[in-house]
$ cat final-v3.cif   # mmCIF, C-alpha atoms and all ligand atoms
data_upload
loop_
_atom_site.label_atom_id
_atom_site.label_comp_id
_atom_site.auth_asym_id
_atom_site.auth_seq_id
_atom_site.Cartn_x
_atom_site.Cartn_y
_atom_site.Cartn_z
CA MET S 109 -21.12 14.80 6.97
CA THR S 110 -21.61 15.46 3.30
CA PRO S 111 -18.56 16.35 1.28
CA ASP S 112 -18.77 19.79 -0.21
CA SER S 113 -16.34 21.48 -2.58
CA ALA S 114 -12.76 20.56 -1.90
CA ASP S 115 -10.40 23.11 -0.40
CA ALA S 116 -7.49 22.13 -2.61
CA VAL S 117 -4.91 24.40 -1.02
CA ALA S 118 -1.29 24.38 0.00
CA PRO S 119 -1.00 23.20 3.60
CA SER S 120 -2.64 26.34 4.94
CA SER S 121 -3.48 26.32 8.61
CA GLN S 122 -7.20 26.63 7.83
CA ALA S 123 -7.18 23.46 5.72
CA ILE S 124 -5.18 21.61 8.35
CA ASP S 125 -7.44 22.87 11.14
CA ARG S 126 -10.52 21.92 9.14
CA ALA S 127 -9.13 18.44 8.41
CA ARG S 128 -8.14 18.00 12.02
CA ALA S 129 -11.62 18.96 13.22
CA LEU S 130 -13.27 16.53 10.77
CA LEU S 131 -11.03 13.67 11.87
CA ALA S 132 -11.02 14.46 15.60
CA GLU S 133 -14.74 13.67 15.90
CA ALA S 134 -14.65 10.64 13.58
CA ARG S 135 -15.77 7.35 15.04
CA ARG S 136 -15.73 4.99 12.04
CA VAL S 137 -12.65 5.66 9.93
CA VAL S 138 -10.95 4.13 6.95
CA VAL S 139 -7.42 5.22 6.10
CA PHE S 140 -6.56 4.57 2.44
CA THR S 141 -2.94 4.92 1.34
CA GLY S 142 -0.69 4.60 -1.68
CA ALA S 143 2.99 4.95 -2.49
CA GLY S 144 3.11 8.63 -1.49
CA VAL S 145 2.80 7.77 2.20
CA SER S 146 6.11 5.84 1.95
CA ALA S 147 7.99 8.37 -0.18
CA ALA S 148 9.67 9.95 2.88
CA SER S 149 10.87 6.48 3.91
CA GLY S 150 12.80 6.25 0.66
CA VAL S 151 10.44 3.87 -1.14
CA PRO S 152 10.08 5.19 -4.72
CA THR S 153 6.52 5.80 -5.90
CA PHE S 154 5.28 4.17 -9.07
CA ARG S 155 4.52 7.21 -11.13
CA GLY S 156 6.82 9.73 -9.51
CA ALA S 157 10.15 10.93 -10.83
CA GLY S 158 13.15 8.80 -9.93
CA GLY S 159 10.95 5.73 -9.72
CA LEU S 160 12.46 2.31 -9.35
CA TRP S 161 11.13 1.06 -12.62
CA ARG S 162 14.20 1.71 -14.79
CA SER S 163 12.74 1.94 -18.28
CA PHE S 164 9.81 -0.38 -17.55
CA ARG S 165 6.26 0.60 -16.69
CA PRO S 166 4.78 -1.19 -13.67
CA GLU S 167 1.94 -2.49 -15.81
CA GLU S 168 4.58 -4.26 -17.95
CA LEU S 169 6.52 -5.92 -15.15
CA ALA S 170 3.97 -6.48 -12.40
CA THR S 171 1.88 -8.94 -14.44
CA PRO S 172 1.55 -12.74 -14.69
CA GLU S 173 2.38 -12.44 -18.41
CA ALA S 174 5.73 -10.75 -17.65
CA PHE S 175 6.51 -13.51 -15.14
CA ALA S 176 5.59 -16.25 -17.59
CA ARG S 177 7.69 -14.58 -20.29
CA ASP S 178 10.77 -13.81 -18.20
CA PRO S 179 10.60 -14.95 -14.55
CA ARG S 180 14.29 -14.16 -14.08
CA LEU S 181 13.81 -10.47 -14.96
CA VAL S 182 10.73 -10.20 -12.74
CA TRP S 183 12.58 -11.85 -9.81
CA GLU S 184 15.53 -9.51 -10.43
CA TRP S 185 13.20 -6.52 -10.14
CA TYR S 186 11.53 -7.79 -6.98
CA ALA S 187 14.87 -8.73 -5.40
CA LEU S 188 16.06 -5.17 -6.09
CA ARG S 189 12.92 -3.71 -4.50
CA ARG S 190 13.14 -6.09 -1.50
CA ALA S 191 16.76 -5.07 -0.88
CA LEU S 192 15.86 -1.38 -1.08
CA VAL S 193 12.72 -1.56 1.07
CA ALA S 194 14.43 -3.78 3.67
CA GLU S 195 16.55 -0.71 4.50
CA CYS S 196 13.53 1.61 4.82
CA ARG S 197 11.71 2.46 8.03
CA PRO S 198 8.21 3.75 8.75
CA ASN S 199 8.07 7.56 8.65
CA ALA S 200 6.11 10.11 10.70
CA ALA S 201 3.00 9.60 8.55
CA HIS S 202 2.95 5.82 9.15
CA ARG S 203 3.49 6.36 12.87
CA ALA S 204 0.81 9.07 13.20
CA ILE S 205 -1.70 6.93 11.28
CA ALA S 206 -0.96 3.88 13.47
CA ARG S 207 -1.40 5.83 16.72
CA TRP S 208 -4.49 7.72 15.59
CA ALA S 209 -6.29 4.65 14.23
CA ALA S 210 -5.58 2.76 17.47
CA ALA S 211 -6.87 5.74 19.51
CA VAL S 212 -10.13 5.80 17.50
CA ILE S 213 -10.65 2.14 18.43
CA ALA S 214 -9.62 2.75 22.05
CA ARG S 215 -12.39 5.33 22.39
CA GLY S 216 -15.00 2.91 21.14
CA GLY S 217 -14.88 3.60 17.42
CA SER S 218 -13.68 1.47 14.49
CA ALA S 219 -10.68 1.97 12.18
CA VAL S 220 -8.90 0.12 9.39
CA VAL S 221 -5.81 1.04 7.38
CA ALA S 222 -6.30 -0.14 3.78
CA THR S 223 -3.06 0.20 1.84
CA GLN S 224 -2.06 -0.46 -1.76
CA ASN S 225 1.56 -0.54 -0.66
CA VAL S 226 3.46 -3.81 -0.46
CA ASP S 227 6.34 -2.36 1.63
CA GLY S 228 5.04 -3.49 5.03
CA LEU S 229 5.72 -0.08 6.60
CA HIS S 230 2.18 0.43 7.97
CA GLN S 231 2.37 -3.01 9.59
CA ARG S 232 5.73 -2.18 11.20
CA ALA S 233 4.44 1.19 12.47
CA ALA S 234 1.34 -0.51 13.90
CA ALA S 235 3.43 -3.14 15.69
CA ALA S 236 5.73 -0.47 17.15
CA ALA S 237 2.80 1.70 18.32
CA GLU S 238 1.07 -1.31 19.90
CA ALA S 239 4.25 -2.22 21.78
CA GLU S 240 4.81 1.35 22.98
CA ASP S 241 1.24 2.42 23.75
CA ARG S 242 -0.05 -1.02 24.79
CA ILE S 243 -3.31 -0.46 22.94
CA PRO S 244 -4.42 -2.76 20.11
CA ALA S 245 -3.45 -1.57 16.63
CA ALA S 246 -6.02 -1.06 13.89
CA PRO S 247 -5.95 -3.84 11.26
CA VAL S 248 -3.81 -3.14 8.20
CA LEU S 249 -5.34 -4.49 4.99
CA ALA S 250 -2.46 -5.07 2.57
CA LEU S 251 -4.72 -5.07 -0.49
CA HIS S 252 -1.91 -5.83 -2.95
CA GLY S 253 0.02 -8.31 -0.79
CA SER S 254 3.58 -8.07 0.50
CA LEU S 255 6.86 -7.55 -1.33
CA PHE S 256 8.56 -9.92 1.13
CA ALA S 257 6.03 -12.75 0.87
CA THR S 258 6.66 -15.67 -1.50
CA ARG S 259 4.20 -18.16 -2.87
CA CYS S 260 3.87 -20.77 -5.62
CA SER S 261 2.86 -19.62 -9.11
CA ARG S 262 0.90 -22.85 -9.56
CA CYS S 263 -0.52 -24.27 -6.29
CA ASP S 264 -1.55 -22.59 -3.04
CA TRP S 265 1.78 -23.15 -1.27
CA ARG S 266 3.08 -20.12 0.61
CA ALA S 267 6.46 -19.60 2.24
CA PRO S 268 6.00 -19.98 6.02
CA GLU S 269 7.43 -16.55 6.67
CA ASP S 270 8.40 -13.39 4.84
CA ASP S 271 11.94 -12.84 3.63
CA ARG S 272 13.88 -9.95 5.10
CA ASP S 273 16.18 -9.00 2.21
CA GLY S 274 16.59 -9.15 -1.57
CA ALA S 275 19.08 -11.99 -1.53
CA HIS S 276 16.87 -14.76 -0.15
CA VAL S 277 13.59 -16.23 -1.32
CA ALA S 278 11.63 -18.48 1.01
CA GLY S 279 14.69 -18.40 3.26
CA ARG S 280 17.10 -19.74 0.60
CA PRO S 281 19.69 -17.72 -1.37
CA LEU S 282 18.14 -16.45 -4.62
CA ASP S 283 20.17 -17.68 -7.61
CA LEU S 284 19.28 -15.63 -10.69
CA THR S 285 21.91 -17.10 -13.00
CA ALA S 286 19.37 -19.01 -15.08
CA ARG S 287 15.71 -19.91 -15.24
CA GLU S 288 16.70 -23.38 -13.99
CA THR S 289 18.16 -21.93 -10.78
CA LEU S 290 15.03 -19.95 -9.87
CA PRO S 291 13.28 -21.08 -6.64
CA ARG S 292 10.74 -23.88 -7.01
CA CYS S 293 7.70 -24.84 -4.95
CA PRO S 294 8.57 -27.66 -2.50
CA ARG S 295 5.11 -29.14 -3.05
CA CYS S 296 4.47 -29.08 -6.82
CA GLY S 297 7.76 -27.96 -8.36
CA GLY S 298 6.17 -24.85 -9.87
CA LEU S 299 8.12 -21.56 -9.91
CA GLN S 300 7.94 -19.55 -6.69
CA ARG S 301 6.79 -15.93 -7.15
CA PRO S 302 6.49 -12.75 -5.05
CA GLY S 303 3.37 -12.74 -2.84
CA VAL S 304 1.91 -9.59 -4.43
CA VAL S 305 -1.20 -8.99 -6.55
CA TRP S 306 -0.21 -8.27 -10.16
CA PHE S 307 -2.22 -6.31 -12.73
CA GLY S 308 -4.99 -8.50 -14.06
CA GLU S 309 -5.06 -10.59 -10.86
CA ALA S 310 -7.94 -10.59 -8.41
CA LEU S 311 -7.39 -9.15 -4.93
CA ASP S 312 -8.09 -11.27 -1.86
CA GLU S 313 -11.88 -11.15 -1.68
CA GLY S 314 -12.01 -11.05 2.09
CA MET S 315 -9.58 -8.16 2.25
CA ILE S 316 -11.07 -5.93 -0.44
CA GLY S 317 -14.51 -6.79 0.94
CA ALA S 318 -13.47 -5.67 4.43
CA ALA S 319 -12.09 -2.43 3.02
CA TYR S 320 -15.30 -1.66 1.12
CA ASP S 321 -17.44 -2.60 4.15
CA ALA S 322 -15.42 -0.18 6.29
CA ALA S 323 -15.82 2.51 3.63
CA ALA S 324 -19.59 1.98 3.45
CA ARG S 325 -19.86 2.48 7.24
CA ALA S 326 -17.26 5.23 7.53
CA ASP S 327 -17.90 8.74 8.78
CA ALA S 328 -14.37 9.75 7.75
CA CYS S 329 -11.80 8.61 5.19
CA LEU S 330 -8.20 9.80 5.23
CA ALA S 331 -6.66 9.22 1.77
CA VAL S 332 -2.88 9.67 1.75
CA GLY S 333 -0.42 9.56 -1.14
CA THR S 334 -2.43 7.66 -3.68
CA SER S 335 -2.94 8.58 -7.33
CA ALA S 336 -6.33 6.84 -7.01
CA LEU S 337 -5.88 5.26 -10.45
CA VAL S 338 -5.63 1.54 -9.68
CA HIS S 339 -8.88 -0.32 -9.20
CA PRO S 340 -10.64 -1.87 -7.36
CA ALA S 341 -8.61 -0.30 -4.48
CA ALA S 342 -9.05 3.24 -5.78
CA GLY S 343 -12.82 2.94 -5.33
CA ILE S 344 -12.52 2.69 -1.53
CA ALA S 345 -12.40 6.45 -0.93
CA THR S 346 -15.22 7.04 -3.42
CA ALA S 347 -17.32 4.42 -1.62
CA ALA S 348 -16.73 6.29 1.64
CA ALA S 349 -17.73 9.58 0.00
CA ARG S 350 -20.91 7.95 -1.33
CA ALA S 351 -21.68 6.82 2.21
CA GLY S 352 -21.51 10.46 3.28
CA ALA S 353 -18.10 10.24 4.97
CA ALA S 354 -15.89 13.29 5.22
CA ILE S 355 -12.95 12.76 2.85
CA VAL S 356 -9.59 14.24 3.84
CA GLU S 357 -6.97 13.88 1.10
CA VAL S 358 -3.25 14.50 1.63
CA ASN S 359 -1.30 14.42 -1.62
CA ALA S 360 1.57 16.23 -3.31
CA ASP S 361 -0.63 16.66 -6.39
CA GLU S 362 -4.27 16.70 -7.45
CA THR S 363 -5.82 13.29 -8.09
CA PRO S 364 -9.18 12.01 -9.40
CA LEU S 365 -10.23 11.99 -5.72
CA THR S 366 -9.50 15.69 -5.12
CA ALA S 367 -12.83 16.89 -6.52
CA ARG S 368 -14.71 14.57 -4.12
CA ALA S 369 -12.65 15.45 -1.06
CA THR S 370 -14.13 17.54 1.74
CA VAL S 371 -10.62 18.88 2.30
CA SER S 372 -7.67 18.19 -0.01
CA ILE S 373 -4.28 19.32 1.29
CA ARG S 374 -1.27 19.69 -1.00
CA GLY S 375 1.86 18.60 0.76
CA ARG S 376 4.18 15.84 1.77
CA ALA S 377 2.56 13.10 3.85
CA ALA S 378 5.34 12.87 6.47
CA GLU S 379 4.84 16.57 7.29
CA VAL S 380 1.09 17.03 6.82
CA VAL S 381 -0.37 13.79 8.23
CA PRO S 382 1.05 14.27 11.77
CA LEU S 383 -0.38 17.84 11.77
CA VAL S 384 -3.78 16.70 10.55
CA LEU S 385 -3.91 13.89 13.12
CA GLY S 386 -2.77 16.14 15.93
CA ALA S 387 0.23 13.85 16.53
C1 LIG F 401 -7.99 -6.53 -11.27
C2 LIG F 401 1.45 -4.76 -6.37
C3 LIG F 401 -9.50 -8.07 -12.23
C4 LIG F 401 2.55 -5.22 -7.28
C5 LIG F 401 0.02 -3.31 -7.70
C6 LIG F 401 -9.23 0.33 -16.77
C7 LIG F 401 -10.06 0.92 -15.83
C8 LIG F 401 -10.13 0.42 -14.52
C9 LIG F 401 -9.36 -0.68 -14.15
C10 LIG F 401 -8.55 -1.23 -15.10
C11 LIG F 401 -8.46 -0.75 -16.40
N1 LIG F 401 -7.57 -1.52 -17.07
C12 LIG F 401 -7.09 -2.45 -16.25
C13 LIG F 401 -7.69 -2.30 -15.07
C14 LIG F 401 -7.49 -3.09 -13.88
C15 LIG F 401 -6.21 -2.69 -13.18
C16 LIG F 401 -6.05 -1.20 -13.03
O1 LIG F 401 -6.67 -0.59 -12.18
N2 LIG F 401 -5.19 -0.62 -13.89
C17 LIG F 401 -4.95 0.81 -13.84
C18 LIG F 401 -3.49 1.08 -14.21
C19 LIG F 401 -5.91 1.49 -14.81
N3 LIG F 401 -6.33 -3.30 -11.88
C20 LIG F 401 -5.92 -4.56 -11.72
O2 LIG F 401 -5.38 -5.22 -12.57
C21 LIG F 401 -6.23 -5.16 -10.36
N4 LIG F 401 -6.86 -6.43 -10.56
O3 LIG F 401 -8.60 -5.60 -11.71
O4 LIG F 401 -8.35 -7.84 -11.44
C22 LIG F 401 -9.89 -9.43 -11.93
C23 LIG F 401 -11.04 -9.68 -11.18
C24 LIG F 401 -11.43 -10.96 -10.95
C25 LIG F 401 -10.64 -12.05 -11.42
C26 LIG F 401 -9.46 -11.79 -12.13
C27 LIG F 401 -9.07 -10.48 -12.39
C28 LIG F 401 -4.94 -5.43 -9.59
C29 LIG F 401 -4.23 -4.13 -9.33
C30 LIG F 401 -3.05 -4.37 -8.40
C31 LIG F 401 -1.75 -4.22 -9.15
N5 LIG F 401 -0.62 -4.33 -8.21
N6 LIG F 401 1.01 -3.43 -6.80
C32 LIG F 401 3.84 -4.47 -7.06
O5 LIG F 401 3.86 -3.51 -6.26
O6 LIG F 401 4.84 -4.86 -7.68
S1 LIG F 401 -0.45 -1.77 -8.19
C33 LIG F 401 0.69 -0.64 -7.65
O7 LIG F 401 0.47 0.53 -8.42
C34 LIG F 401 0.45 -0.19 -6.24
O8 LIG F 401 0.09 -1.23 -5.40
C35 LIG F 401 -0.61 0.86 -6.35
O9 LIG F 401 -1.88 0.32 -6.32
C36 LIG F 401 -0.35 1.40 -7.73
C37 LIG F 401 0.39 2.71 -7.62
O10 LIG F 401 -0.53 3.61 -7.15
P1 LIG F 401 -0.14 4.55 -5.93
O11 LIG F 401 0.14 3.73 -4.73
O12 LIG F 401 -1.19 5.58 -5.85
O13 LIG F 401 1.25 5.18 -6.33
P2 LIG F 401 1.53 6.23 -7.48
O14 LIG F 401 3.00 6.29 -7.68
O15 LIG F 401 0.62 5.96 -8.63
O16 LIG F 401 1.04 7.61 -6.87
C38 LIG F 401 1.73 8.17 -5.76
C39 LIG F 401 0.85 9.29 -5.28
O17 LIG F 401 1.45 9.87 -4.15
C40 LIG F 401 0.71 10.38 -6.31
O18 LIG F 401 -0.61 10.88 -6.27
C41 LIG F 401 1.70 11.45 -5.84
O19 LIG F 401 1.24 12.76 -6.13
C42 LIG F 401 1.66 11.25 -4.35
N7 LIG F 401 2.88 11.57 -3.66
C43 LIG F 401 4.16 11.36 -4.04
N8 LIG F 401 5.00 11.73 -3.05
C44 LIG F 401 4.22 12.12 -2.01
C45 LIG F 401 2.88 12.04 -2.39
N9 LIG F 401 1.86 12.38 -1.58
C46 LIG F 401 2.18 12.83 -0.35
N10 LIG F 401 3.44 12.92 0.11
C47 LIG F 401 4.49 12.60 -0.69
N11 LIG F 401 5.75 12.72 -0.24
ZN ZN F 402 3.26 -25.32 -5.90
#
$ encode --input "final-v3.cif" --output "structure tokens"
Amino acid sequence: MTPDSADAVAPSSQAIDRARALLAEARRVVVFTGAGVSAASGVPTFRGAGGLWRSFRPEELATPEAFARDPRLVWEWYALRRALVAECRPNAAHRAIARWAAAVIARGGSAVVATQNVDGLHQRAAAAAEAEDRIPAAPVLALHGSLFATRCSRCDWRAPEDDRDGAHVAGRPLDLTARETLPRCPRCGGLQRPGVVWFGEALDEGMIGAAYDAAARADACLAVGTSALVHPAAGIATAAARAGAAIVEVNADETPLTARATVSIRGRAAEVVPLVLGA
């Protein structure tokens, strides 16, 4: 299927029907998502209004330089986000994506969910769908890591399991009173840090490689709630388009991807994605 001009429309029934038809026959799919897919769950987007960033820009806080300069402030910001996201639950878009991707695999196709989000909501939706439907979930590639993971800023130590709230780090209470009270690596004594990929840091090669491989083989790519600005992740949908895949975009606004989309639907992910996936 070669992408032709995008039908950038409000969620008209034709656009939704067209998107649904393109996705219903897909056999090799890559779902690519950003913060917009989690908006309905209460997780603030990066660039949207009411974002969580206070007066900071993500590129200023989510960097190794910011952590080196003021690890306390960076931990305060991540603890705040952990506490907020710990209260959030997957929404109808996460659930529809999990079920649909698993169904593509169940009928002999292939599917991956490549997300830029660090909120873990796709993973939770996949686990719930697998438990309910008893069919294997599609792999979720968390390209930018996990908000709740903790690792060492110096060696390759990683906390054995994710934290579940904003008050603990690597299972111990987080004490932000001073730099000296920040959590330290049990192996090398280096500062512990959130297990996310910051700006200027390389993504996990295996993971970004798997996402691009899936895109290069895809016959359909569903891009949901991403501003398609942050690379190398943003190139996944373009790689799928180059491979001739049908691109279905669901976004509240236009993005750099809209012009390359076969169908681009304006709307909120939690409402539009279930319609498009026939959930
Ligand atoms: C790297 C984890 C090199 C941390 C994140 C110039 C050109 C190209 C690239 C660069 C450049 N200058 C610098 C770079 C590289 C940089 C980059 O791309 N910068 C951008 C800003 C230009 N990339 C990097 O640094 C990457 N690493 O390049 O390393 C390297 C290589 C080898 C060796 C060493 C180094 C690493 C990038 C990862 C950064 N980490 N997150 C954390 O979360 O704290 S990025 C973070 O921001 C997210 O993960 C996500 O990727 C990005 C936000 O994007 P979105 O998810 O799309 O969210 P956003 O708010 O922007 O948009 C929301 C969308 O949803 C909007 O379109 C909106 O309309 C829509 N929406 C809103 N509500 C809804 C909705 N849609 C539907 N329904 C709704 N309800
Ligand atoms: Zn260490």
$ atom_distance --input "final-v3.cif" --atom1 "CA of Ile205 (chain S)" --atom2 "CA of Leu330 (chain S)"
9.3 Å
$ residues_near_ligand --input "final-v3.cif" --ligand "ligand ZN 402 (chain F)" --cutoff "8 Å" --atoms "only C-alpha atoms and all ligand atoms" --output "list in words"
Arg259, Cys260, Ser261, Arg262, Cys263, Asp264, Trp265, Arg292, Cys293, Pro294, Arg295, Cys296, Gly297, Gly298, Leu299 and Gln300 of chain S
$ axis_aligned_box --input "final-v3.cif" --around "ligand LIG 401 (chain F)" --padding-each-side "4 Å" --output "AutoDock Vina command-line options"
--center_x -2.8 --center_y 0.4 --center_z -8.5 --size_x 25.2 --size_y 33.0 --size_z 25.2
$ residues_near_ligand --input "final-v3.cif" --ligand "ligand LIG 401 (chain F)" --cutoff "8 Å" --atoms "all atoms listed in the file" --output "ChimeraX atom specification"
/S:141-148,152-156,166-167,169-171,186,224-226,251-255,304-311,332-342,358-363,374-378
$ write_last_selection --input "final-v3.cif" --atoms "C-alpha atoms" --output "PDB file, in the coordinates of the input"
ATOM      1  CA  THR S 141      -2.940   4.920   1.340  1.00  0.00           C
ATOM      2  CA  GLY S 142      -0.690   4.600  -1.680  1.00  0.00           C
ATOM      3  CA  ALA S 143       2.990   4.950  -2.490  1.00  0.00           C
ATOM      4  CA  GLY S 144       3.110   8.630  -1.490  1.00  0.00           C
ATOM      5  CA  VAL S 145       2.800   7.770   2.200  1.00  0.00           C
ATOM      6  CA  SER S 146       6.110   5.840   1.950  1.00  0.00           C
ATOM      7  CA  ALA S 147       7.990   8.370  -0.180  1.00  0.00           C
ATOM      8  CA  ALA S 148       9.670   9.950   2.880  1.00  0.00           C
ATOM      9  CA  PRO S 152      10.080   5.190  -4.720  1.00  0.00           C
ATOM     10  CA  THR S 153       6.520   5.800  -5.900  1.00  0.00           C
ATOM     11  CA  PHE S 154       5.280   4.170  -9.070  1.00  0.00           C
ATOM     12  CA  ARG S 155       4.520   7.210 -11.130  1.00  0.00           C
ATOM     13  CA  GLY S 156       6.820   9.730  -9.510  1.00  0.00           C
ATOM     14  CA  PRO S 166       4.780  -1.190 -13.670  1.00  0.00           C
ATOM     15  CA  GLU S 167       1.940  -2.490 -15.810  1.00  0.00           C
ATOM     16  CA  LEU S 169       6.520  -5.920 -15.150  1.00  0.00           C
ATOM     17  CA  ALA S 170       3.970  -6.480 -12.400  1.00  0.00           C
ATOM     18  CA  THR S 171       1.880  -8.940 -14.440  1.00  0.00           C
ATOM     19  CA  TYR S 186      11.530  -7.790  -6.980  1.00  0.00           C
ATOM     20  CA  GLN S 224      -2.060  -0.460  -1.760  1.00  0.00           C
ATOM     21  CA  ASN S 225       1.560  -0.540  -0.660  1.00  0.00           C
ATOM     22  CA  VAL S 226       3.460  -3.810  -0.460  1.00  0.00           C
ATOM     23  CA  LEU S 251      -4.720  -5.070  -0.490  1.00  0.00           C
ATOM     24  CA  HIS S 252      -1.910  -5.830  -2.950  1.00  0.00           C
ATOM     25  CA  GLY S 253       0.020  -8.310  -0.790  1.00  0.00           C
ATOM     26  CA  SER S 254       3.580  -8.070   0.500  1.00  0.00           C
ATOM     27  CA  LEU S 255       6.860  -7.550  -1.330  1.00  0.00           C
ATOM     28  CA  VAL S 304       1.910  -9.590  -4.430  1.00  0.00           C
ATOM     29  CA  VAL S 305      -1.200  -8.990  -6.550  1.00  0.00           C
ATOM     30  CA  TRP S 306      -0.210  -8.270 -10.160  1.00  0.00           C
ATOM     31  CA  PHE S 307      -2.220  -6.310 -12.730  1.00  0.00           C
ATOM     32  CA  GLY S 308      -4.990  -8.500 -14.060  1.00  0.00           C
ATOM     33  CA  GLU S 309      -5.060 -10.590 -10.860  1.00  0.00           C
ATOM     34  CA  ALA S 310      -7.940 -10.590  -8.410  1.00  0.00           C
ATOM     35  CA  LEU S 311      -7.390  -9.150  -4.930  1.00  0.00           C
ATOM     36  CA  VAL S 332      -2.880   9.670   1.750  1.00  0.00           C
ATOM     37  CA  GLY S 333      -0.420   9.560  -1.140  1.00  0.00           C
ATOM     38  CA  THR S 334      -2.430   7.660  -3.680  1.00  0.00           C
ATOM     39  CA  SER S 335      -2.940   8.580  -7.330  1.00  0.00           C
ATOM     40  CA  ALA S 336      -6.330   6.840  -7.010  1.00  0.00           C
ATOM     41  CA  LEU S 337      -5.880   5.260 -10.450  1.00  0.00           C
ATOM     42  CA  VAL S 338      -5.630   1.540  -9.680  1.00  0.00           C
ATOM     43  CA  HIS S 339      -8.880  -0.320  -9.200  1.00  0.00           C
ATOM     44  CA  PRO S 340     -10.640  -1.870  -7.360  1.00  0.00           C
ATOM     45  CA  ALA S 341      -8.610  -0.300  -4.480  1.00  0.00           C
ATOM     46  CA  ALA S 342      -9.050   3.240  -5.780  1.00  0.00           C
ATOM     47  CA  VAL S 358      -3.250  14.500   1.630  1.00  0.00           C
ATOM     48  CA  ASN S 359      -1.300  14.420  -1.620  1.00  0.00           C
ATOM     49  CA  ALA S 360       1.570  16.230  -3.310  1.00  0.00           C
ATOM     50  CA  ASP S 361      -0.630  16.660  -6.390  1.00  0.00           C
ATOM     51  CA  GLU S 362      -4.270  16.700  -7.450  1.00  0.00           C
ATOM     52  CA  THR S 363      -5.820  13.290  -8.090  1.00  0.00           C
ATOM     53  CA  ARG S 374      -1.270  19.690  -1.000  1.00  0.00           C
ATOM     54  CA  GLY S 375       1.860  18.600   0.760  1.00  0.00           C
ATOM     55  CA  ARG S 376       4.180  15.840   1.770  1.00  0.00           C
ATOM     56  CA  ALA S 377       2.560  13.100   3.850  1.00  0.00           C
ATOM     57  CA  ALA S 378       5.340  12.870   6.470  1.00  0.00           C
TER      58      ALA S 378
END
$ atom_distance --input "final-v3.cif" --atom1 "CA of Asp227 (chain S)" --atom2 "CA of Val356 (chain S)"
23.1 Å
$ atom_distance --input "final-v3.cif" --atom1 "CA of Glu313 (chain S)" --atom2 "CA of Gly343 (chain S)"
14.6 Å
$ residues_around --input "final-v3.cif" --residues "Arg325 (chain S)" --least-positions-apart "2" --cutoff "10 Å" --atoms "all atoms listed in the file" --output "ChimeraX atom specification"
/S:136-138,218,320-323,327-328,347-348,351-353
$ write_last_selection --input "final-v3.cif" --atoms "C-alpha atoms" --output "PDB file, keeping the file's coordinate frame"
ATOM      1  CA  ARG S 136     -15.730   4.990  12.040  1.00  0.00           C
ATOM      2  CA  VAL S 137     -12.650   5.660   9.930  1.00  0.00           C
ATOM      3  CA  VAL S 138     -10.950   4.130   6.950  1.00  0.00           C
ATOM      4  CA  SER S 218     -13.680   1.470  14.490  1.00  0.00           C
ATOM      5  CA  TYR S 320     -15.300  -1.660   1.120  1.00  0.00           C
ATOM      6  CA  ASP S 321     -17.440  -2.600   4.150  1.00  0.00           C
ATOM      7  CA  ALA S 322     -15.420  -0.180   6.290  1.00  0.00           C
ATOM      8  CA  ALA S 323     -15.820   2.510   3.630  1.00  0.00           C
ATOM      9  CA  ASP S 327     -17.900   8.740   8.780  1.00  0.00           C
ATOM     10  CA  ALA S 328     -14.370   9.750   7.750  1.00  0.00           C
ATOM     11  CA  ALA S 347     -17.320   4.420  -1.620  1.00  0.00           C
ATOM     12  CA  ALA S 348     -16.730   6.290   1.640  1.00  0.00           C
ATOM     13  CA  ALA S 351     -21.680   6.820   2.210  1.00  0.00           C
ATOM     14  CA  GLY S 352     -21.510  10.460   3.280  1.00  0.00           C
ATOM     15  CA  ALA S 353     -18.100  10.240   4.970  1.00  0.00           C
TER      16      ALA S 353
END
$ closest_residue --input "final-v3.cif" --among "S:Ala123, S:Ala187, S:Cys329, S:Ile213" --to "Val277 (chain S)" --atoms "all atoms listed in the file"
S:Ala187
$ residues_around --input "final-v3.cif" --residues "Leu383 (chain S)" --least-positions-apart "4" --cutoff "9 Å" --atoms "only C-alpha atoms" --output "VMD selection string"
chain S and resid 124 to 125 128 204 379 387
$ residues_around --input "final-v3.cif" --residues "Ala222 (chain S)" --least-positions-apart "3" --cutoff "9 Å" --atoms "all atoms listed in the file" --output "ChimeraX atom specification"
/S:138-141,247-251,315-316,319,341,344
$ write_last_selection --input "final-v3.cif" --atoms "C-alpha atoms" --output "CSV table (one decimal), keeping the file's coordinate frame"
chain,number,residue,atom,x,y,z
S,138,VAL,CA,-11.0,4.1,7.0
S,139,VAL,CA,-7.4,5.2,6.1
S,140,PHE,CA,-6.6,4.6,2.4
S,141,THR,CA,-2.9,4.9,1.3
S,247,PRO,CA,-6.0,-3.8,11.3
S,248,VAL,CA,-3.8,-3.1,8.2
S,249,LEU,CA,-5.3,-4.5,5.0
S,250,ALA,CA,-2.5,-5.1,2.6
S,251,LEU,CA,-4.7,-5.1,-0.5
S,315,MET,CA,-9.6,-8.2,2.2
S,316,ILE,CA,-11.1,-5.9,-0.4
S,319,ALA,CA,-12.1,-2.4,3.0
S,341,ALA,CA,-8.6,-0.3,-4.5
S,344,ILE,CA,-12.5,2.7,-1.5
$ closest_residue --input "final-v3.cif" --among "S:Gly228, S:Arg207, S:Ala245, S:Ala239" --to "Pro382 (chain S)" --atoms "only C-alpha atoms"
S:Arg207
$ closest_residue --input "final-v3.cif" --among "S:Arg350, S:Val384, S:Thr223, S:His276" --to "Ala201 (chain S)" --atoms "only C-alpha atoms"
S:Val384
$ closest_residue --input "final-v3.cif" --among "S:Gly150, S:Pro302, S:Gly279, S:Pro198" --to "His230 (chain S)" --atoms "only C-alpha atoms"
S:Pro198
$ closest_residue --input "final-v3.cif" --among "S:Ala233, S:Ala275, S:Val151, S:Ala209" --to "Ala246 (chain S)" --atoms "only C-alpha atoms"
S:Ala209
